Amino acid sequence: MTLNFEFPALSQREAVEKIVAAEDVMICDQTFGNLFCWSKIMDAKISLHGDTFISCWGKRYTVPIGPKRKELLEQMMGEGITRFLGIDERYKTWMEETFPGKFSFKEAKNFDYIYEREKLATLSGKKLAAKRNHINAFEAAHQWEVRPINEENLPQVREFNDWWCRRNNCAAEDSMAWEGCAVRRGLEHFEALGYQGLALYADGRLCAFTYGEPLGKEGFCVHAEKADDEVRGAYPMINREFVRSLPAHIKWINREDDAGDEGLRKAKMSYRPSLLLKKYEAELRE
């Protein structure tokens, strides 16, 4: 097999999604949407081999995902690839058992925030009382509704995203600018990527939106969530309503990592994650 790495094409979406579901992947980086939307920004590419695929971010490679992972990993090592990333506990254990003593592991700096769907849908308990208070204030202050993101309101959502980026001066910081570009690309190819999203309206005006895609067998990955922060309760409201709108089989939500941003970390922790999903990097021992 030849390890040709190319930018993901929309025609490969179905194949990658089947693999991610079959392997019950929990890491957000491995969704097709993330790979596609970040491809030109972070040089994300894939090498697809039937029911197994490998991704890379620049010169940083993942362990193959799928049933051919052993032979493909051996081939990668034979071709001089010695460092790997995006490894969860299951794949770490598999690597240790399959290649005993060959790899050294270290915990990556960022982890994914995993939440129980039911807890985000109800926001019950004392620790989430502040979220409920903000939602109550929103509901009392506005005539509101939610609408699925579709062809009809996509242009409006795109305009809102551009407004949000200008308002938050995304151009002044690389990570914010990159994220803005990834969200913009996601909205441009929304239907082709199979995304599911929701827009929140207060008194007839769009004030928040969010979207994402299925992950694993019972999970969902939220890729973007934007709101007018001057509208009290807009953020927790779009969060709650979107989770409530997801299919019944969804049991857990991955709200991605915090990219090392302290403000984002605080916001994600405020929803009381059920799991901080560790990710590891591995290096072949000499």
# chains A, B, ... in the order shown; residues from 1 in each chain; ligands from 1

call {"tool": "residues_around", "arguments": {"residues": "A:Gly233", "least_positions_apart": "3", "cutoff": "7 Å", "atoms": "only C-alpha atoms", "output": "JSON, numbers by chain"}}
result
{"A": [134, 135, 137, 138, 236, 237]}

call {"tool": "closest_atom_pairs", "arguments": {"of": "stretch 137-192 of chain A", "to": "stretch 256-267 of chain A", "cutoff": "12 Å", "atoms": "only C-alpha atoms", "output": "JSON lines"}}
result
{"residue": "A:Glu173", "atom": "CA", "partner": "A:Asp261", "partner_atom": "CA", "distance": 11.6}
{"residue": "A:Asp174", "atom": "CA", "partner": "A:Ala259", "partner_atom": "CA", "distance": 11.7}
{"residue": "A:Ser175", "atom": "CA", "partner": "A:Ala259", "partner_atom": "CA", "distance": 8.2}
{"residue": "A:Met176", "atom": "CA", "partner": "A:Ala259", "partner_atom": "CA", "distance": 10.1}
{"residue": "A:Trp178", "atom": "CA", "partner": "A:Ala259", "partner_atom": "CA", "distance": 11.6}
{"residue": "A:Glu179", "atom": "CA", "partner": "A:Ala259", "partner_atom": "CA", "distance": 10.2}

call {"tool": "write_last_selection", "arguments": {"atoms": "N, CA and C atoms", "output": "PDB file, in the first residue's frame"}}
result
ATOM      1  N   GLU A 173      -5.536  37.817  16.397  1.00  0.00           N
ATOM      2  CA  GLU A 173      -4.916  36.652  17.040  1.00  0.00           C
ATOM      3  C   GLU A 173      -5.008  35.465  16.103  1.00  0.00           C
ATOM      4  N   ASP A 174      -3.876  34.799  15.877  1.00  0.00           N
ATOM      5  CA  ASP A 174      -3.828  33.715  14.898  1.00  0.00           C
ATOM      6  C   ASP A 174      -4.863  32.633  15.170  1.00  0.00           C
ATOM      7  N   SER A 175      -4.933  32.142  16.412  1.00  0.00           N
ATOM      8  CA  SER A 175      -5.830  31.031  16.712  1.00  0.00           C
ATOM      9  C   SER A 175      -7.280  31.397  16.445  1.00  0.00           C
ATOM     10  N   MET A 176      -7.662  32.638  16.751  1.00  0.00           N
ATOM     11  CA  MET A 176      -9.030  33.095  16.505  1.00  0.00           C
ATOM     12  C   MET A 176      -9.287  33.231  15.002  1.00  0.00           C
ATOM     13  N   TRP A 178      -7.751  31.578  12.579  1.00  0.00           N
ATOM     14  CA  TRP A 178      -7.820  30.235  12.004  1.00  0.00           C
ATOM     15  C   TRP A 178      -9.164  29.579  12.277  1.00  0.00           C
ATOM     16  N   GLU A 179      -9.624  29.711  13.523  1.00  0.00           N
ATOM     17  CA  GLU A 179     -10.908  29.118  13.879  1.00  0.00           C
ATOM     18  C   GLU A 179     -12.035  29.749  13.073  1.00  0.00           C
TER      19      GLU A 179
END

call {"tool": "residues_around", "arguments": {"residues": "A:Arg205", "least_positions_apart": "3", "cutoff": "12 Å", "atoms": "only C-alpha atoms", "output": "number ranges by chain"}}
result
A: 142-147, 153, 156-157, 160, 199-202, 208-209, 227-228, 231, 234

call {"tool": "residues_around", "arguments": {"residues": "A:Ser270", "least_positions_apart": "6", "cutoff": "9 Å", "atoms": "only C-alpha atoms", "output": "list in words"}}
result
Lys127, Leu128 and Lys131 of chain A

call {"tool": "atom_distance", "arguments": {"atom1": "atom CA of A:Ala248", "atom2": "atom CA of A:Glu218"}}
result
9.3 Å

call {"tool": "residues_around", "arguments": {"residues": "A:Trp38", "least_positions_apart": "2", "cutoff": "9 Å", "atoms": "only C-alpha atoms", "output": "PDB file with C-alpha atoms, in the first residue's frame"}}
result
ATOM      1  CA  GLY A  33     -15.597  17.702   9.144  1.00  0.00           C
ATOM      2  CA  ASN A  34     -12.638  18.778  11.265  1.00  0.00           C
ATOM      3  CA  LEU A  35     -10.138  17.297   8.830  1.00  0.00           C
ATOM      4  CA  PHE A  36     -11.853  18.957   5.874  1.00  0.00           C
ATOM      5  CA  LYS A  40      -5.849  24.277   4.258  1.00  0.00           C
ATOM      6  CA  ILE A  41      -5.254  26.061   7.585  1.00  0.00           C
ATOM      7  CA  MET A  42      -3.321  23.347   9.448  1.00  0.00           C
ATOM      8  CA  ASP A  43      -2.233  21.244   6.441  1.00  0.00           C
ATOM      9  CA  ALA A  44      -4.526  18.383   7.514  1.00  0.00           C
ATOM     10  CA  TRP A 178      -7.820  30.235  12.004  1.00  0.00           C
ATOM     11  CA  GLU A 179     -10.908  29.118  13.879  1.00  0.00           C
ATOM     12  CA  CYS A 181     -11.730  30.423   8.732  1.00  0.00           C
ATOM     13  CA  ALA A 182     -12.562  26.828   9.711  1.00  0.00           C
ATOM     14  CA  ARG A 185     -15.534  26.779   5.478  1.00  0.00           C
TER      15      ARG A 185
END

call {"tool": "select_by_dssp", "arguments": {"residues": "stretch 130-195 of chain A", "states": "helix (DSSP H, G or I)", "output": "VMD selection string"}}
result
chain A and resid 130 to 141 154 to 167 170 to 172 174 to 188

call {"tool": "write_last_selection", "arguments": {"atoms": "C-alpha atoms", "output": "PDB file, in the first residue's frame"}}
result
ATOM      1  CA  ALA A 130     -26.131  29.785  37.080  1.00  0.00           C
ATOM      2  CA  LYS A 131     -26.728  28.390  33.575  1.00  0.00           C
ATOM      3  CA  ARG A 132     -30.408  27.881  34.354  1.00  0.00           C
ATOM      4  CA  ASN A 133     -30.667  31.421  35.759  1.00  0.00           C
ATOM      5  CA  HIS A 134     -29.241  32.881  32.545  1.00  0.00           C
ATOM      6  CA  ILE A 135     -31.677  30.805  30.471  1.00  0.00           C
ATOM      7  CA  ASN A 136     -34.601  31.888  32.628  1.00  0.00           C
ATOM      8  CA  ALA A 137     -33.591  35.514  32.115  1.00  0.00           C
ATOM      9  CA  PHE A 138     -33.365  34.990  28.360  1.00  0.00           C
ATOM     10  CA  GLU A 139     -36.791  33.348  28.183  1.00  0.00           C
ATOM     11  CA  ALA A 140     -38.360  36.110  30.283  1.00  0.00           C
ATOM     12  CA  ALA A 141     -36.841  38.919  28.218  1.00  0.00           C
ATOM     13  CA  LEU A 154     -27.451  29.663   5.971  1.00  0.00           C
ATOM     14  CA  PRO A 155     -26.650  33.068   4.404  1.00  0.00           C
ATOM     15  CA  GLN A 156     -27.868  34.764   7.571  1.00  0.00           C
ATOM     16  CA  VAL A 157     -25.771  32.436   9.746  1.00  0.00           C
ATOM     17  CA  ARG A 158     -22.702  33.161   7.605  1.00  0.00           C
ATOM     18  CA  GLU A 159     -23.263  36.899   8.020  1.00  0.00           C
ATOM     19  CA  PHE A 160     -23.619  36.451  11.768  1.00  0.00           C
ATOM     20  CA  ASN A 161     -20.358  34.486  11.930  1.00  0.00           C
ATOM     21  CA  ASP A 162     -18.520  37.232  10.024  1.00  0.00           C
ATOM     22  CA  TRP A 163     -20.059  39.847  12.346  1.00  0.00           C
ATOM     23  CA  TRP A 164     -18.994  37.807  15.391  1.00  0.00           C
ATOM     24  CA  CYS A 165     -15.411  37.613  14.094  1.00  0.00           C
ATOM     25  CA  ARG A 166     -15.254  41.366  13.493  1.00  0.00           C
ATOM     26  CA  ARG A 167     -16.772  42.112  16.893  1.00  0.00           C
ATOM     27  CA  CYS A 170     -10.428  37.624  15.383  1.00  0.00           C
ATOM     28  CA  ALA A 171      -7.869  38.987  12.930  1.00  0.00           C
ATOM     29  CA  ALA A 172      -5.677  40.161  15.811  1.00  0.00           C
ATOM     30  CA  ASP A 174      -3.828  33.715  14.898  1.00  0.00           C
ATOM     31  CA  SER A 175      -5.830  31.031  16.712  1.00  0.00           C
ATOM     32  CA  MET A 176      -9.030  33.095  16.505  1.00  0.00           C
ATOM     33  CA  ALA A 177      -8.447  33.901  12.830  1.00  0.00           C
ATOM     34  CA  TRP A 178      -7.820  30.235  12.004  1.00  0.00           C
ATOM     35  CA  GLU A 179     -10.908  29.118  13.879  1.00  0.00           C
ATOM     36  CA  GLY A 180     -12.953  31.742  12.075  1.00  0.00           C
ATOM     37  CA  CYS A 181     -11.730  30.423   8.732  1.00  0.00           C
ATOM     38  CA  ALA A 182     -12.562  26.828   9.711  1.00  0.00           C
ATOM     39  CA  VAL A 183     -16.088  27.819  10.756  1.00  0.00           C
ATOM     40  CA  ARG A 184     -16.538  29.803   7.558  1.00  0.00           C
ATOM     41  CA  ARG A 185     -15.534  26.779   5.478  1.00  0.00           C
ATOM     42  CA  GLY A 186     -17.882  24.574   7.459  1.00  0.00           C
ATOM     43  CA  LEU A 187     -20.773  26.904   6.727  1.00  0.00           C
ATOM     44  CA  GLU A 188     -19.843  27.104   3.048  1.00  0.00           C
TER      45      GLU A 188
END

call {"tool": "residues_around", "arguments": {"residues": "stretch 7-20 of chain A", "least_positions_apart": "4", "cutoff": "10 Å", "atoms": "only C-alpha atoms", "output": "short mmCIF file (atom, residue, chain, number, x, y, z; two decimals) with C-alpha atoms, in the first residue's frame"}}
result
data_model
loop_
_atom_site.label_atom_id
_atom_site.label_comp_id
_atom_site.auth_asym_id
_atom_site.auth_seq_id
_atom_site.Cartn_x
_atom_site.Cartn_y
_atom_site.Cartn_z
CA ASP A 24 -16.32 4.25 18.04
CA VAL A 25 -13.84 7.13 17.92
CA MET A 26 -14.23 9.75 20.66
CA ILE A 27 -11.48 12.22 19.67
CA GLN A 30 -10.72 12.54 13.69
CA THR A 31 -14.11 13.65 12.35
CA PHE A 32 -14.23 14.19 8.63
CA GLY A 33 -15.60 17.70 9.14
CA LEU A 35 -10.14 17.30 8.83
CA PHE A 36 -11.85 18.96 5.87
CA CYS A 37 -12.41 22.38 7.41
CA TRP A 38 -8.91 22.65 8.89
CA SER A 39 -7.12 21.09 5.91
CA LYS A 40 -5.85 24.28 4.26
CA ASP A 43 -2.23 21.24 6.44
CA ALA A 44 -4.53 18.38 7.51
CA LYS A 45 -4.47 15.45 5.08
CA ILE A 46 -5.64 11.86 4.96
CA SER A 47 -4.50 8.58 3.46
CA LEU A 48 -7.50 6.32 2.91
CA HIS A 49 -7.12 2.55 2.61
CA GLY A 50 -10.58 1.02 2.32
CA ASP A 51 -11.83 0.52 5.86
CA THR A 52 -8.81 2.22 7.50
CA PHE A 53 -7.44 5.74 7.28
CA ILE A 54 -4.53 7.79 8.56
CA SER A 55 -4.54 11.53 9.05
CA CYS A 56 -1.72 13.99 9.44
CA ILE A 65 -7.78 4.06 12.48
CA GLY A 66 -9.47 0.84 11.38
CA PRO A 67 -8.79 -2.90 11.14
CA HIS A 189 -20.03 23.29 2.73
CA ALA A 192 -22.16 18.45 1.79
CA LEU A 193 -20.49 17.80 5.16
CA GLY A 194 -23.70 16.41 6.62
CA GLU A 213 -21.55 16.15 13.39
CA PRO A 214 -21.93 12.62 14.79
CA LEU A 215 -18.87 11.03 16.40
CA GLY A 216 -18.42 7.35 17.15
CA LYS A 217 -21.50 5.20 17.77
#

call {"tool": "residues_around", "arguments": {"residues": "A:Ile87", "least_positions_apart": "5", "cutoff": "12 Å", "atoms": "only C-alpha atoms", "output": "PyMOL selection string"}}
result
chain A and resi 25-30+55+61-65+92-96+105-108+111-112+277-283

call {"tool": "write_last_selection", "arguments": {"atoms": "N, CA and C atoms", "output": "mmCIF file, in the first residue's frame"}}
result
data_model
loop_
_atom_site.group_PDB
_atom_site.id
_atom_site.type_symbol
_atom_site.label_atom_id
_atom_site.label_comp_id
_atom_site.auth_asym_id
_atom_site.auth_seq_id
_atom_site.Cartn_x
_atom_site.Cartn_y
_atom_site.Cartn_z
ATOM 1 N N VAL A 25 -14.816 6.080 17.607
ATOM 2 C CA VAL A 25 -13.841 7.127 17.917
ATOM 3 C C VAL A 25 -14.482 8.198 18.794
ATOM 4 N N MET A 26 -13.739 8.681 19.791
ATOM 5 C CA MET A 26 -14.230 9.745 20.664
ATOM 6 C C MET A 26 -13.490 11.058 20.460
ATOM 7 N N ILE A 27 -12.310 11.026 19.834
ATOM 8 C CA ILE A 27 -11.485 12.220 19.667
ATOM 9 C C ILE A 27 -12.036 13.088 18.540
ATOM 10 N N CYS A 28 -12.236 14.355 18.827
ATOM 11 C CA CYS A 28 -12.871 15.253 17.853
ATOM 12 C C CYS A 28 -12.019 15.478 16.611
ATOM 13 N N ASP A 29 -10.705 15.411 16.743
ATOM 14 C CA ASP A 29 -9.824 15.689 15.608
ATOM 15 C C ASP A 29 -10.040 14.730 14.438
ATOM 16 N N GLN A 30 -10.612 13.562 14.711
ATOM 17 C CA GLN A 30 -10.719 12.536 13.686
ATOM 18 C C GLN A 30 -12.025 12.587 12.895
ATOM 19 N N SER A 55 -4.533 10.081 9.270
ATOM 20 C CA SER A 55 -4.542 11.527 9.046
ATOM 21 C C SER A 55 -3.224 12.112 9.505
ATOM 22 N N TYR A 61 1.673 12.765 12.469
ATOM 23 C CA TYR A 61 0.799 11.710 11.972
ATOM 24 C C TYR A 61 0.005 11.050 13.095
ATOM 25 N N THR A 62 -1.210 10.601 12.749
ATOM 26 C CA THR A 62 -1.993 9.816 13.693
ATOM 27 C C THR A 62 -1.701 8.340 13.489
ATOM 28 N N VAL A 63 -2.029 7.559 14.494
ATOM 29 C CA VAL A 63 -2.014 6.106 14.334
ATOM 30 C C VAL A 63 -3.176 5.739 13.412
ATOM 31 N N PRO A 64 -2.995 4.797 12.492
ATOM 32 C CA PRO A 64 -4.093 4.412 11.605
ATOM 33 C C PRO A 64 -5.343 4.014 12.382
ATOM 34 N N ILE A 65 -6.497 4.380 11.857
ATOM 35 C CA ILE A 65 -7.776 4.057 12.484
ATOM 36 C C ILE A 65 -8.506 3.063 11.593
ATOM 37 N N LYS A 92 -3.669 3.526 22.889
ATOM 38 C CA LYS A 92 -2.418 3.452 23.655
ATOM 39 C C LYS A 92 -2.216 2.032 24.184
ATOM 40 N N THR A 93 -3.279 1.465 24.768
ATOM 41 C CA THR A 93 -3.200 0.092 25.275
ATOM 42 C C THR A 93 -2.911 -0.885 24.150
ATOM 43 N N TRP A 94 -3.586 -0.696 22.996
ATOM 44 C CA TRP A 94 -3.348 -1.577 21.849
ATOM 45 C C TRP A 94 -1.902 -1.501 21.385
ATOM 46 N N MET A 95 -1.340 -0.306 21.312
ATOM 47 C CA MET A 95 0.050 -0.148 20.875
ATOM 48 C C MET A 95 1.010 -0.805 21.860
ATOM 49 N N GLU A 96 0.740 -0.660 23.137
ATOM 50 C CA GLU A 96 1.608 -1.271 24.154
ATOM 51 C C GLU A 96 1.564 -2.788 24.089
ATOM 52 N N PHE A 105 5.359 7.082 25.555
ATOM 53 C CA PHE A 105 4.145 7.900 25.461
ATOM 54 C C PHE A 105 4.231 9.101 26.385
ATOM 55 N N LYS A 106 3.633 10.191 25.947
ATOM 56 C CA LYS A 106 3.458 11.344 26.825
ATOM 57 C C LYS A 106 2.073 11.925 26.607
ATOM 58 N N GLU A 107 1.513 12.455 27.675
ATOM 59 C CA GLU A 107 0.176 13.009 27.607
ATOM 60 C C GLU A 107 0.212 14.343 26.874
ATOM 61 N N ALA A 108 -0.690 14.524 25.923
ATOM 62 C CA ALA A 108 -0.765 15.792 25.193
ATOM 63 C C ALA A 108 -1.273 16.893 26.118
ATOM 64 N N PHE A 111 -6.908 18.242 26.086
ATOM 65 C CA PHE A 111 -7.803 17.101 26.119
ATOM 66 C C PHE A 111 -9.169 17.555 25.621
ATOM 67 N N ASP A 112 -10.005 16.581 25.240
ATOM 68 C CA ASP A 112 -11.353 16.890 24.780
ATOM 69 C C ASP A 112 -12.308 16.896 25.969
ATOM 70 N N LEU A 277 -11.116 13.874 28.202
ATOM 71 C CA LEU A 277 -10.580 12.791 27.382
ATOM 72 C C LEU A 277 -9.099 13.035 27.082
ATOM 73 N N LYS A 278 -8.270 12.210 27.666
ATOM 74 C CA LYS A 278 -6.825 12.352 27.467
ATOM 75 C C LYS A 278 -6.429 11.915 26.062
ATOM 76 N N LYS A 279 -5.471 12.649 25.518
ATOM 77 C CA LYS A 279 -4.879 12.286 24.235
ATOM 78 C C LYS A 279 -3.372 12.172 24.438
ATOM 79 N N TYR A 280 -2.778 11.194 23.785
ATOM 80 C CA TYR A 280 -1.356 10.937 23.958
ATOM 81 C C TYR A 280 -0.595 11.117 22.647
ATOM 82 N N GLU A 281 0.683 11.372 22.810
ATOM 83 C CA GLU A 281 1.619 11.349 21.691
ATOM 84 C C GLU A 281 2.591 10.208 21.942
ATOM 85 N N ALA A 282 3.027 9.556 20.878
ATOM 86 C CA ALA A 282 3.933 8.424 21.014
ATOM 87 C C ALA A 282 5.157 8.630 20.131
ATOM 88 N N GLU A 283 6.278 8.122 20.607
ATOM 89 C CA GLU A 283 7.509 8.190 19.831
ATOM 90 C C GLU A 283 8.179 6.826 19.856
#

call {"tool": "atom_distance", "arguments": {"atom1": "atom CA of A:Lys68", "atom2": "atom CA of A:Arg90"}}
result
15.8 Å

call {"tool": "closest_residue", "arguments": {"among": "A:Val222, A:Leu3, A:Met269, A:Ile149", "to": "A:Leu206", "atoms": "only C-alpha atoms"}}
result
A:Ile149

call {"tool": "atom_distance", "arguments": {"atom1": "atom CA of A:Phe5", "atom2": "atom CA of A:Leu72"}}
result
13.2 Å

call {"tool": "select_by_dssp", "arguments": {"residues": "stretch 26-235 of chain A", "states": "strand (DSSP E)", "output": "JSON, numbers by chain"}}
result
{"A": [44, 45, 46, 47, 48, 49, 52, 53, 54, 55, 56, 57, 60, 61, 62, 83, 84, 85, 86, 87, 103, 104, 105, 106, 107, 112, 113, 114, 115, 116, 144, 145, 146, 147, 148, 196, 197, 198, 199, 200, 201, 202, 205, 206, 207, 208, 209, 210, 211, 212, 213, 214, 215, 219, 220, 221, 222, 223, 224, 225, 226, 227]}

call {"tool": "closest_residue", "arguments": {"among": "A:Asp88, A:Glu116, A:Glu71, A:Glu79", "to": "A:Asn254", "atoms": "only C-alpha atoms"}}
result
A:Glu116
